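Student: Provided below: target16.txt, containing compact mmCIF, C-alpha atoms.
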# COMPACT_ATOMS: atom_id res chain seq x y z
CA MET A 112 0.00 0.00 0.00
CA GLN A 113 2.84 2.34 0.85
CA LYS A 114 4.44 1.75 -2.56
CA THR A 115 1.12 2.40 -4.28
CA LEU A 116 0.73 5.72 -2.45
CA ALA A 117 4.27 6.70 -3.41
CA VAL A 118 3.56 6.06 -7.11
CA ALA A 119 0.24 7.91 -6.85
CA THR A 120 1.96 10.90 -5.19
CA LYS A 121 4.61 11.00 -7.91
CA GLU A 122 1.94 10.84 -10.65
CA LEU A 123 -0.08 13.61 -8.97
CA ARG A 124 2.99 15.86 -8.91
CA GLN A 125 3.56 15.24 -12.63
CA ILE A 126 -0.09 16.07 -13.39
CA LEU A 127 0.12 19.30 -11.39
CA ARG A 128 3.28 20.29 -13.27
CA ASP A 129 1.61 19.63 -16.64
CA ARG A 130 -0.86 22.51 -16.59
CA ARG A 131 -2.17 21.84 -20.09
CA SER A 132 -3.20 18.29 -19.28
CA LEU A 133 -4.70 19.46 -15.98
CA LEU A 134 -6.68 22.10 -17.84
CA ILE A 135 -8.01 19.47 -20.25
CA LEU A 136 -9.02 17.17 -17.38
CA LEU A 137 -10.74 19.83 -15.27
CA PHE A 138 -11.97 22.65 -17.47
CA ILE A 139 -12.85 21.04 -20.80
CA PRO A 140 -15.51 18.60 -19.47
CA ALA A 141 -17.33 21.37 -17.57
CA PHE A 142 -17.12 23.70 -20.56
CA PHE A 143 -18.52 21.08 -22.92
CA LEU A 144 -21.31 20.26 -20.47
CA LEU A 145 -22.44 23.89 -20.44
CA LEU A 146 -21.95 24.44 -24.16
CA TYR A 147 -23.55 21.28 -25.47
CA GLY A 148 -26.14 21.10 -22.72
CA TYR A 149 -27.67 24.23 -24.22
CA ALA A 150 -26.94 23.31 -27.83
CA LEU A 151 -28.48 19.81 -27.74
CA ASN A 152 -32.10 20.59 -28.46
CA PHE A 153 -34.40 18.56 -30.68
CA ASP A 154 -37.10 21.24 -30.59
CA ILE A 155 -37.30 23.24 -33.81
CA ARG A 156 -37.85 26.90 -33.04
CA ASN A 157 -37.43 30.25 -34.77
CA VAL A 158 -38.08 28.77 -38.20
CA ARG A 159 -37.49 31.60 -40.65
CA LEU A 160 -40.78 32.15 -42.49
CA ALA A 161 -41.58 34.22 -45.57
CA VAL A 162 -45.16 34.93 -46.63
CA GLN A 163 -46.54 35.22 -50.13
CA ASP A 164 -49.92 36.81 -49.40
CA LYS A 165 -51.91 37.33 -52.58
CA ASP A 166 -55.05 38.29 -50.67
CA ARG A 167 -53.78 40.96 -48.23
CA SER A 168 -56.95 40.70 -46.17
CA THR A 169 -57.82 40.56 -42.49
CA LYS A 170 -58.22 36.79 -42.58
CA SER A 171 -54.86 36.25 -44.27
CA ARG A 172 -53.16 38.46 -41.68
CA GLU A 173 -54.82 36.44 -38.93
CA LEU A 174 -53.42 33.23 -40.41
CA VAL A 175 -49.92 34.73 -40.58
CA SER A 176 -50.26 35.94 -36.99
CA SER A 177 -51.15 32.42 -35.86
CA PHE A 178 -47.81 31.22 -37.28
CA VAL A 179 -45.77 34.02 -35.71
CA ASN A 180 -47.52 33.90 -32.31
CA SER A 181 -46.99 30.15 -32.04
CA GLY A 182 -43.33 30.70 -31.15
CA TYR A 183 -42.17 28.21 -33.76
CA PHE A 184 -41.86 30.64 -36.67
CA SER A 185 -40.02 33.92 -37.11
CA LEU A 186 -41.39 36.16 -39.86
CA VAL A 187 -38.73 37.35 -42.26
CA GLY A 188 -41.02 39.35 -44.51
CA TYR A 189 -43.52 39.32 -47.36
CA ILE A 190 -42.53 38.41 -50.90
CA ASP A 191 -44.32 38.78 -54.21
CA SER A 192 -42.09 37.60 -57.04
CA PRO A 193 -41.21 33.92 -57.67
CA ALA A 194 -37.59 34.95 -58.33
CA GLU A 195 -37.30 36.43 -54.86
CA LEU A 196 -38.85 33.29 -53.43
CA ASP A 197 -36.22 31.12 -55.14
CA ARG A 198 -33.40 33.39 -54.00
CA LEU A 199 -34.45 33.38 -50.33
CA VAL A 200 -34.58 29.60 -50.23
CA ASN A 201 -31.32 29.12 -52.14
CA VAL A 202 -29.32 31.41 -49.86
CA GLY A 203 -30.91 29.88 -46.77
CA GLU A 204 -32.56 33.07 -45.53
CA VAL A 205 -35.89 31.27 -45.10
CA ARG A 206 -36.78 27.71 -44.22
CA ALA A 207 -40.51 27.88 -45.03
CA ILE A 208 -42.86 29.94 -47.20
CA LEU A 209 -46.56 30.34 -46.55
CA ALA A 210 -48.42 31.03 -49.82
CA ILE A 211 -51.93 32.40 -49.33
CA PRO A 212 -54.10 32.41 -52.48
CA PRO A 213 -56.12 35.38 -53.73
CA ASP A 214 -59.76 35.66 -52.55
CA PHE A 215 -58.77 33.86 -49.33
CA GLU A 216 -61.11 35.93 -47.15
CA ARG A 217 -63.97 35.93 -49.67
CA ASP A 218 -63.90 32.15 -50.04
CA LEU A 219 -63.94 31.69 -46.27
CA THR A 220 -66.88 34.09 -45.99
CA VAL A 221 -68.96 32.07 -48.47
CA HIS A 222 -67.87 28.80 -46.82
CA LYS A 223 -65.83 27.68 -49.80
CA PRO A 224 -62.84 25.41 -49.07
CA VAL A 225 -59.46 27.08 -49.48
CA VAL A 226 -56.08 25.51 -50.28
CA VAL A 227 -53.04 27.11 -48.62
CA GLN A 228 -49.60 26.15 -49.91
CA VAL A 229 -46.63 25.62 -47.60
CA ILE A 230 -43.22 25.46 -49.28
CA ILE A 231 -40.37 24.03 -47.20
CA ASP A 232 -36.64 23.76 -47.85
CA GLY A 233 -36.02 20.01 -47.73
CA ASP A 234 -32.21 19.97 -47.54
CA ASN A 235 -32.63 19.01 -43.87
CA ALA A 236 -35.17 16.19 -43.89
CA ASN A 237 -35.70 16.08 -40.12
CA THR A 238 -36.29 19.80 -39.84
CA ALA A 239 -38.55 19.80 -42.90
CA SER A 240 -40.74 17.04 -41.44
CA THR A 241 -41.06 18.89 -38.15
CA VAL A 242 -41.81 22.22 -39.82
CA MET A 243 -44.48 20.56 -41.97
CA GLY A 244 -46.05 19.15 -38.82
CA TYR A 245 -46.09 22.61 -37.25
CA ALA A 246 -47.69 24.13 -40.35
CA ARG A 247 -50.38 21.45 -40.58
CA THR A 248 -51.24 21.85 -36.90
CA LEU A 249 -51.44 25.65 -37.01
CA ILE A 250 -53.51 25.72 -40.19
CA GLY A 251 -55.73 22.98 -38.77
CA GLU A 252 -56.34 24.99 -35.61
CA TYR A 253 -57.15 28.10 -37.63
CA SER A 254 -59.46 26.03 -39.83
CA ASN A 255 -61.28 24.71 -36.77
CA VAL A 256 -61.92 28.25 -35.61
CA GLU A 257 -63.45 29.04 -38.98
CA LEU A 258 -65.49 25.81 -38.86
CA GLN A 259 -67.22 26.89 -35.69
CA ALA A 260 -68.95 29.63 -37.65
CA LEU A 261 -70.28 27.21 -40.29
CA PRO A 262 -73.73 25.60 -40.01
CA VAL A 263 -73.82 21.81 -40.00
CA ALA A 264 -76.68 20.40 -42.06
CA GLY A 265 -78.22 17.36 -40.38
CA SER A 266 -75.62 14.79 -39.39
CA ARG A 267 -73.19 15.70 -42.12
CA LEU A 268 -69.78 16.51 -40.70
CA PRO A 269 -68.18 19.70 -41.99
CA VAL A 270 -65.16 19.33 -44.25
CA PRO A 271 -62.03 21.34 -43.39
CA VAL A 272 -62.32 24.96 -44.47
CA ILE A 273 -58.59 25.26 -45.10
CA THR A 274 -56.45 22.43 -46.44
CA VAL A 275 -52.67 22.35 -46.77
CA GLU A 276 -50.82 21.71 -50.00
CA PRO A 277 -47.25 20.88 -48.98
CA ARG A 278 -44.30 21.30 -51.31
CA ILE A 279 -40.87 20.08 -50.25
CA TRP A 280 -38.08 21.55 -52.33
CA TYR A 281 -34.83 19.71 -53.16
CA ASN A 282 -35.89 16.57 -51.27
CA PRO A 283 -39.54 15.80 -52.03
CA GLN A 284 -39.38 12.28 -50.56
CA LEU A 285 -37.77 13.65 -47.37
CA ARG A 286 -35.00 11.07 -47.64
CA SER A 287 -32.88 11.28 -44.53
CA THR A 288 -29.88 10.15 -46.57
CA LEU A 289 -29.78 13.44 -48.48
CA PHE A 290 -29.62 15.22 -45.14
CA LEU A 291 -27.13 12.94 -43.39
CA VAL A 292 -24.59 12.29 -46.14
CA PRO A 293 -23.43 15.94 -46.61
CA GLY A 294 -23.04 16.22 -42.84
CA LEU A 295 -21.05 13.01 -42.72
CA ILE A 296 -18.80 14.26 -45.51
CA ALA A 297 -18.01 17.38 -43.46
CA TYR A 298 -17.65 15.34 -40.28
CA ILE A 299 -15.23 12.79 -41.75
CA SER A 300 -13.19 15.37 -43.67
CA MET A 301 -12.85 17.65 -40.65
CA ILE A 302 -11.64 14.97 -38.26
CA THR A 303 -9.15 13.38 -40.67
CA ALA A 304 -7.72 16.76 -41.74
CA VAL A 305 -7.32 18.16 -38.22
CA VAL A 306 -5.90 14.99 -36.65
CA SER A 307 -3.45 14.28 -39.48
CA THR A 308 -1.80 17.71 -39.30
CA ALA A 309 -2.12 18.04 -35.51
CA LEU A 310 0.47 15.29 -35.16
CA SER A 311 2.91 16.61 -37.77
CA VAL A 312 4.84 19.38 -35.96
CA VAL A 313 4.62 17.81 -32.51
CA ARG A 314 6.12 14.63 -34.00
CA GLU A 315 9.24 16.65 -34.84
CA LYS A 316 9.39 17.83 -31.22
CA GLU A 317 9.18 14.33 -29.80
CA ARG A 318 11.80 12.95 -32.20
CA GLY A 319 14.17 15.82 -31.42
CA THR A 320 14.45 16.92 -35.04
CA MET A 321 12.84 20.33 -34.51
CA GLU A 322 16.25 21.84 -33.77
CA GLN A 323 17.49 20.72 -37.19
CA VAL A 324 14.42 22.25 -38.83
CA ARG A 325 14.99 25.49 -36.96
CA MET A 326 18.57 25.71 -38.19
CA ALA A 327 17.53 25.11 -41.80
CA PRO A 328 17.23 28.15 -44.12
CA ILE A 329 13.43 28.23 -44.02
CA SER A 330 10.99 30.59 -42.32
CA PRO A 331 7.92 29.41 -40.35
CA LEU A 332 5.28 30.21 -43.00
CA PRO A 333 6.85 28.15 -45.84
CA TYR A 334 7.48 25.38 -43.32
CA ILE A 335 3.82 25.44 -42.25
CA ILE A 336 2.61 25.42 -45.87
CA GLY A 337 5.00 22.61 -46.74
CA LYS A 338 3.68 20.60 -43.82
CA THR A 339 0.11 21.18 -45.01
CA LEU A 340 0.39 20.39 -48.73
CA PRO A 341 0.81 16.58 -48.61
CA TYR A 342 -2.04 16.16 -46.14
CA LEU A 343 -4.15 18.59 -48.17
CA VAL A 344 -3.78 16.51 -51.33
CA ILE A 345 -4.56 13.27 -49.50
CA SER A 346 -7.55 14.77 -47.67
CA PHE A 347 -8.89 16.32 -50.88
CA VAL A 348 -8.71 13.02 -52.76
CA SER A 349 -10.34 11.29 -49.79
CA ALA A 350 -13.19 13.83 -49.71
CA ILE A 351 -13.84 13.43 -53.46
CA LEU A 352 -13.86 9.64 -53.07
CA VAL A 353 -16.36 9.92 -50.20
CA ILE A 354 -18.66 12.11 -52.33
CA LEU A 355 -18.42 9.77 -55.32
CA SER A 356 -19.14 6.80 -53.06
CA ALA A 357 -22.17 8.60 -51.62
CA MET A 358 -23.47 9.27 -55.13
CA LEU A 359 -22.98 5.63 -56.10
CA LEU A 360 -24.23 3.96 -52.93
CA PHE A 361 -26.79 6.43 -51.56
CA ASP A 362 -28.01 8.19 -54.73
CA LEU A 363 -26.69 11.55 -53.57
CA PRO A 364 -27.49 14.00 -56.40
CA MET A 365 -25.05 16.43 -57.94
CA ARG A 366 -27.11 19.38 -59.17
CA GLY A 367 -24.46 22.07 -59.09
CA SER A 368 -20.97 22.81 -60.36
CA TRP A 369 -18.09 20.45 -59.69
CA LEU A 370 -15.73 23.41 -59.83
CA LEU A 371 -17.58 25.18 -57.02
CA LEU A 372 -17.70 21.93 -55.07
CA CYS A 373 -13.93 21.50 -55.35
CA LEU A 374 -13.42 25.12 -54.32
CA ALA A 375 -15.58 24.68 -51.21
CA ILE A 376 -13.84 21.42 -50.27
CA GLY A 377 -10.41 22.98 -50.78
CA LEU A 378 -11.14 26.01 -48.59
CA PHE A 379 -12.67 23.83 -45.89
CA LEU A 380 -9.73 21.42 -45.82
CA ILE A 381 -7.15 24.22 -45.75
CA GLY A 382 -8.86 25.70 -42.72
CA ALA A 383 -9.17 22.32 -41.01
CA GLN A 384 -5.51 21.50 -41.57
CA ALA A 385 -4.46 24.95 -40.44
CA GLN A 386 -6.39 24.32 -37.24
CA GLY A 387 -4.52 21.03 -36.83
CA LEU A 388 -1.17 22.75 -37.38
CA LEU A 389 -2.04 25.39 -34.78
CA ILE A 390 -2.80 22.61 -32.29
CA SER A 391 0.46 20.92 -33.23
CA THR A 392 2.49 24.04 -32.48
CA ILE A 393 0.86 24.38 -29.05
CA ALA A 394 0.91 20.75 -27.86
CA GLU A 395 4.09 19.19 -26.52
CA THR A 396 3.20 15.53 -27.10
CA GLN A 397 1.33 13.61 -29.77
CA GLN A 398 -1.10 12.31 -27.14
CA VAL A 399 -2.13 15.82 -26.10
CA ALA A 400 -2.31 16.95 -29.74
CA PHE A 401 -4.54 14.01 -30.61
CA GLN A 402 -6.90 14.69 -27.71
CA VAL A 403 -7.19 18.41 -28.44
CA ALA A 404 -7.65 17.72 -32.16
CA LEU A 405 -10.55 15.35 -31.48
CA LEU A 406 -12.21 17.66 -28.95
CA SER A 407 -11.94 20.71 -31.20
CA SER A 408 -13.14 18.99 -34.36
CA LEU A 409 -15.39 16.04 -33.53
CA LEU A 410 -17.94 17.59 -31.17
CA PRO A 411 -18.22 21.07 -32.76
CA THR A 412 -18.66 19.56 -36.23
CA MET A 413 -21.28 17.13 -34.98
CA ILE A 414 -23.26 19.47 -32.72
CA LEU A 415 -22.53 23.12 -33.53
CA SER A 416 -22.49 23.05 -37.34
CA GLY A 417 -26.20 22.54 -37.98
CA PHE A 418 -25.50 18.95 -39.02
CA ILE A 419 -27.99 17.44 -36.55
CA PHE A 420 -29.30 20.25 -34.34
CA PRO A 421 -30.70 23.42 -36.00
CA ILE A 422 -28.63 26.47 -35.10
CA SER A 423 -31.73 28.69 -35.00
CA SER A 424 -33.07 26.67 -32.05
CA MET A 425 -29.94 27.22 -29.94
CA PRO A 426 -29.54 30.04 -27.39
CA ILE A 427 -28.15 33.28 -28.80
CA VAL A 428 -24.78 32.85 -27.05
CA VAL A 429 -24.33 29.38 -28.52
CA GLN A 430 -25.37 30.66 -31.94
CA TRP A 431 -22.54 33.19 -31.78
CA ILE A 432 -20.09 30.42 -30.86
CA THR A 433 -21.12 28.47 -33.97
CA HIS A 434 -19.69 31.27 -36.12
CA VAL A 435 -16.17 29.97 -35.40
CA VAL A 436 -17.04 26.42 -36.51
CA PRO A 437 -15.93 26.07 -40.15
CA ALA A 438 -18.19 23.07 -40.76
CA ARG A 439 -21.18 25.38 -40.36
CA TYR A 440 -20.23 27.29 -43.52
CA PHE A 441 -19.07 24.22 -45.41
CA LEU A 442 -22.39 22.45 -44.84
CA VAL A 443 -24.33 25.41 -46.22
CA ALA A 444 -22.14 25.52 -49.34
CA LEU A 445 -22.12 21.74 -49.78
CA ARG A 446 -25.89 21.39 -49.56
CA ALA A 447 -26.41 24.42 -51.80
CA ILE A 448 -24.18 22.93 -54.52
CA VAL A 449 -25.14 19.27 -54.29
CA LEU A 450 -28.84 19.44 -53.42
CA LYS A 451 -29.97 22.83 -54.73
CA GLY A 452 -27.68 23.40 -57.71
CA ALA A 453 -27.20 26.97 -56.49
CA GLY A 454 -24.68 29.37 -57.98
CA LEU A 455 -21.79 31.13 -56.27
CA MET A 456 -23.86 34.19 -55.30
CA SER A 457 -26.05 32.02 -53.08
CA PHE A 458 -23.24 31.02 -50.71
CA TRP A 459 -20.28 33.33 -51.39
CA GLN A 460 -20.43 34.58 -47.81
CA ASP A 461 -19.86 31.06 -46.52
CA LEU A 462 -16.84 30.61 -48.80
CA ALA A 463 -15.54 33.97 -47.60
CA ALA A 464 -15.91 32.80 -43.99
CA LEU A 465 -13.97 29.61 -44.79
CA THR A 466 -11.24 31.70 -46.40
CA ILE A 467 -10.98 33.98 -43.36
CA PHE A 468 -10.86 31.01 -40.99
CA ALA A 469 -8.08 29.36 -43.01
CA ALA A 470 -6.05 32.58 -43.20
CA VAL A 471 -6.38 33.28 -39.47
CA ALA A 472 -5.51 29.70 -38.47
CA LEU A 473 -2.47 29.60 -40.78
CA SER A 474 -1.28 32.98 -39.51
CA LEU A 475 -1.65 31.94 -35.86
CA ALA A 476 0.20 28.68 -36.49
CA SER A 477 3.00 30.56 -38.24
CA LEU A 478 3.26 33.16 -35.46
CA ARG A 479 3.24 30.47 -32.80
CA LEU A 480 6.02 28.55 -34.57
CA ARG A 481 8.06 31.72 -35.11
CA ARG A 482 7.74 32.47 -31.40
CA GLU A 483 8.94 28.97 -30.50
CA TRP A 484 11.90 29.23 -32.84
CA GLY A 485 12.77 32.62 -31.43
CA HIS A 486 12.87 31.24 -27.90
CA GLN A 487 15.15 28.36 -28.78
Please rewrite the model in this file as structure tokens.
Tutor:
Amino acid sequence: MQKTLAVATKELRQILRDRRSLLILLFIPAFFLLLYGYALNFDIRNVRLAVQDKDRSTKSRELVSSFVNSGYFSLVGYIDSPAELDRLVNVGEVRAILAIPPDFERDLTVHKPVVVQVIIDGDNANTASTVMGYARTLIGEYSNVELQALPVAGSRLPVPVITVEPRIWYNPQLRSTLFLVPGLIAYISMITAVVSTALSVVREKERGTMEQVRMAPISPLPYIIGKTLPYLVISFVSAILVILSAMLLFDLPMRGSWLLLCLAIGLFLIGAQAQGLLISTIAETQQVAFQVALLSSLLPTMILSGFIFPISSMPIVVQWITHVVPARYFLVALRAIVLKGAGLMSFWQDLAALTIFAAVALSLASLRLRREWGHQ
């Protein structure tokens, strides 16, 4: 027992000296509990709604108000032109569109059945199914209110005053595969890219060859880029193979430009590998680098990117945190290209965000390495 206590005391002293490992053991679990405890939410809220109201009557405004007051929908605005409707859905500014036909109020007044169309962006099958359920329920409740004013002849039951005509864009069958596969592509690519480069620089430290690299006639930035290029090529080929396999095995469509797809993949992988290199310059051992790489890529990509849990349903603070998760922007671009066939103008902001992330991560990794070399 005494020998066991002696070993335990020695190990405790080593843990206390290694502040980075101690920080990972104590702070990271509590931080993730708070962060993901708020982010993990299967409720769909704040669905961005646009309205195409061709009636502009009191009754149509009441129907719109029932959507907004439910707490599930957030009104973006009213639209008139089909081109604007297409643009809002393609750029992801709205998730659902409520189309109210002309003579809506007049038909209700004369007890004539009315068909209301609900258009939903189907790139996320789970969210689309839930939003359709919300829309059916709200329109059904409003229809029941209108039914109460209708006379019932004999034993004949009244038919619904308002019926819903659903239209699911980009995924009419609501196949979950079309929703999951793009997320899995981002998930797999992010983890492999970050982990592969996170071990590259720290491997030089553990082998004792970093001093030779420092004495070589090369500055930190070219060294960082040289470290990135081989892994970038391998990761890019891997990502393309994953996409081709998804098209072959899961019938993933390709409705957009392959050139734009390659551009989006390239920017995403550069940022992911730059993140791995930054981790590699900070960590002292491959074990620590591997742990930090997994924690900083696996969970954020899975939970904070919009892959599974809608970002709009998260608390405002968590939504702001998601802006530093590159997979968030890559998923928007990937789904826009593959599922929607959208052009560059629909997601250029997401590509710009990926570019900024990659530039910042590469710069920080270079500065960190230059600082290390300067201290040696």
Student: Centre and edge lengths, as lines of an AutoDock Vina configuration file, for the axis-aligned box enclosing every listed atom of stretch 332-336 of chain A with 3 Å of padding on each of the six sides, in Å to one decimal?
Tutor:
center_x = 5.0
center_y = 27.8
center_z = -44.1
size_x = 10.9
size_y = 10.8
size_z = 9.6
Student: Which is closest to A:Val272 among A:Val312, A:Val221, A:Val348, A:Leu371, if we use all atoms listed in the file?
Tutor: A:Val221
Student: List the spatial neighbours of A:Leu209 as a ChimeraX atom specification - criterion: any atom at most 9 Å away, all atoms listed in the file, same-chain residues fewer than 3 positions off excluded.
Tutor: /A:160-164,175,227-231,246
Student: Could you take the residues named above and write them with C-alpha atoms, as a PDB file, in the coordinates of the input?
Tutor:
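This is the output file out.pdb:
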ATOM      1  CA  LEU A 160     -40.780  32.150 -42.490  1.00  0.00           C
ATOM      2  CA  ALA A 161     -41.580  34.220 -45.570  1.00  0.00           C
ATOM      3  CA  VAL A 162     -45.160  34.930 -46.630  1.00  0.00           C
ATOM      4  CA  GLN A 163     -46.540  35.220 -50.130  1.00  0.00           C
ATOM      5  CA  ASP A 164     -49.920  36.810 -49.400  1.00  0.00           C
ATOM      6  CA  VAL A 175     -49.920  34.730 -40.580  1.00  0.00           C
ATOM      7  CA  VAL A 227     -53.040  27.110 -48.620  1.00  0.00           C
ATOM      8  CA  GLN A 228     -49.600  26.150 -49.910  1.00  0.00           C
ATOM      9  CA  VAL A 229     -46.630  25.620 -47.600  1.00  0.00           C
ATOM     10  CA  ILE A 230     -43.220  25.460 -49.280  1.00  0.00           C
ATOM     11  CA  ILE A 231     -40.370  24.030 -47.200  1.00  0.00           C
ATOM     12  CA  ALA A 246     -47.690  24.130 -40.350  1.00  0.00           C
TER      13      ALA A 246
END
Student: Using atom CA of A:Thr339 and atom CA of A:Leu445 as the two end points, give the distance in Å to one decimal.
Tutor: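 That distance, rounded to one decimal, is 22.7 Å.
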Student: As a ChimeraX atom specification, please: the residues near A:Ser168 (cut-off 9 Å, all atoms listed in the file, same-chain neighbours under 5 positions excluded).
Tutor: /A:173,214-216
Student: Taking all atoms listed in the file into account, name the residue in A:Val305, A:Ile432, A:Ile448, A:Leu174 that is nearest to A:Ser368.
Tutor: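 Among the listed residues, A:Ile448 lies closest to A:Ser368.
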Student: Using only C-alpha atoms, can you tell me which of A:Thr396, A:Thr274, A:Asn201, A:Ser416 comes closest to A:Ala453?
Tutor: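 The shortest atom-to-atom distance to A:Ala453 comes from A:Asn201.
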Student: Name the residues within 12 Å of (-27.8, 2.5, -49.2), counting only C-alpha atoms in the file's coordinates, and put them as a PyMOL selection string.
Tutor: chain A and resi 286-289+291-292+356-363
Student: Would you save the residues of that selection, restricted to C-alpha atoms, as a compact mmCIF listing (two decimals), in the frame of the given file?
Tutor:
# COMPACT_ATOMS: atom_id res chain seq x y z
CA ARG A 286 -35.00 11.07 -47.64
CA SER A 287 -32.88 11.28 -44.53
CA THR A 288 -29.88 10.15 -46.57
CA LEU A 289 -29.78 13.44 -48.48
CA LEU A 291 -27.13 12.94 -43.39
CA VAL A 292 -24.59 12.29 -46.14
CA SER A 356 -19.14 6.80 -53.06
CA ALA A 357 -22.17 8.60 -51.62
CA MET A 358 -23.47 9.27 -55.13
CA LEU A 359 -22.98 5.63 -56.10
CA LEU A 360 -24.23 3.96 -52.93
CA PHE A 361 -26.79 6.43 -51.56
CA ASP A 362 -28.01 8.19 -54.73
CA LEU A 363 -26.69 11.55 -53.57
Student: Reconstruct stretch 191-202 of chain A at the level of N, CA and C atoms, and format the result as a tab-separated table (two decimals), in the frame of the given file.
Tutor:
chain	number	residue	atom	x	y	z
A	191	ASP	N	-43.33	38.79	-53.13
A	191	ASP	CA	-44.32	38.78	-54.21
A	191	ASP	C	-43.83	38.01	-55.43
A	192	SER	N	-42.58	38.20	-55.79
A	192	SER	CA	-42.09	37.60	-57.04
A	192	SER	C	-41.55	36.19	-56.82
A	193	PRO	N	-41.77	35.27	-57.76
A	193	PRO	CA	-41.21	33.92	-57.67
A	193	PRO	C	-39.68	33.92	-57.63
A	194	ALA	N	-39.06	34.88	-58.32
A	194	ALA	CA	-37.59	34.95	-58.33
A	194	ALA	C	-37.05	35.23	-56.93
A	195	GLU	N	-37.72	36.12	-56.22
A	195	GLU	CA	-37.30	36.43	-54.86
A	195	GLU	C	-37.51	35.22	-53.95
A	196	LEU	N	-38.58	34.50	-54.20
A	196	LEU	CA	-38.85	33.29	-53.43
A	196	LEU	C	-37.72	32.27	-53.61
A	197	ASP	N	-37.32	32.05	-54.86
A	197	ASP	CA	-36.22	31.12	-55.14
A	197	ASP	C	-34.92	31.58	-54.48
A	198	ARG	N	-34.66	32.87	-54.55
A	198	ARG	CA	-33.40	33.39	-54.00
A	198	ARG	C	-33.34	33.20	-52.49
A	199	LEU	N	-34.43	33.49	-51.78
A	199	LEU	CA	-34.45	33.38	-50.33
A	199	LEU	C	-34.20	31.95	-49.87
A	200	VAL	N	-34.78	31.00	-50.60
A	200	VAL	CA	-34.58	29.60	-50.23
A	200	VAL	C	-33.17	29.14	-50.57
A	201	ASN	N	-32.66	29.55	-51.72
A	201	ASN	CA	-31.32	29.12	-52.14
A	201	ASN	C	-30.23	29.61	-51.21
A	202	VAL	N	-30.35	30.85	-50.74
A	202	VAL	CA	-29.32	31.41	-49.86
A	202	VAL	C	-29.55	31.04	-48.41
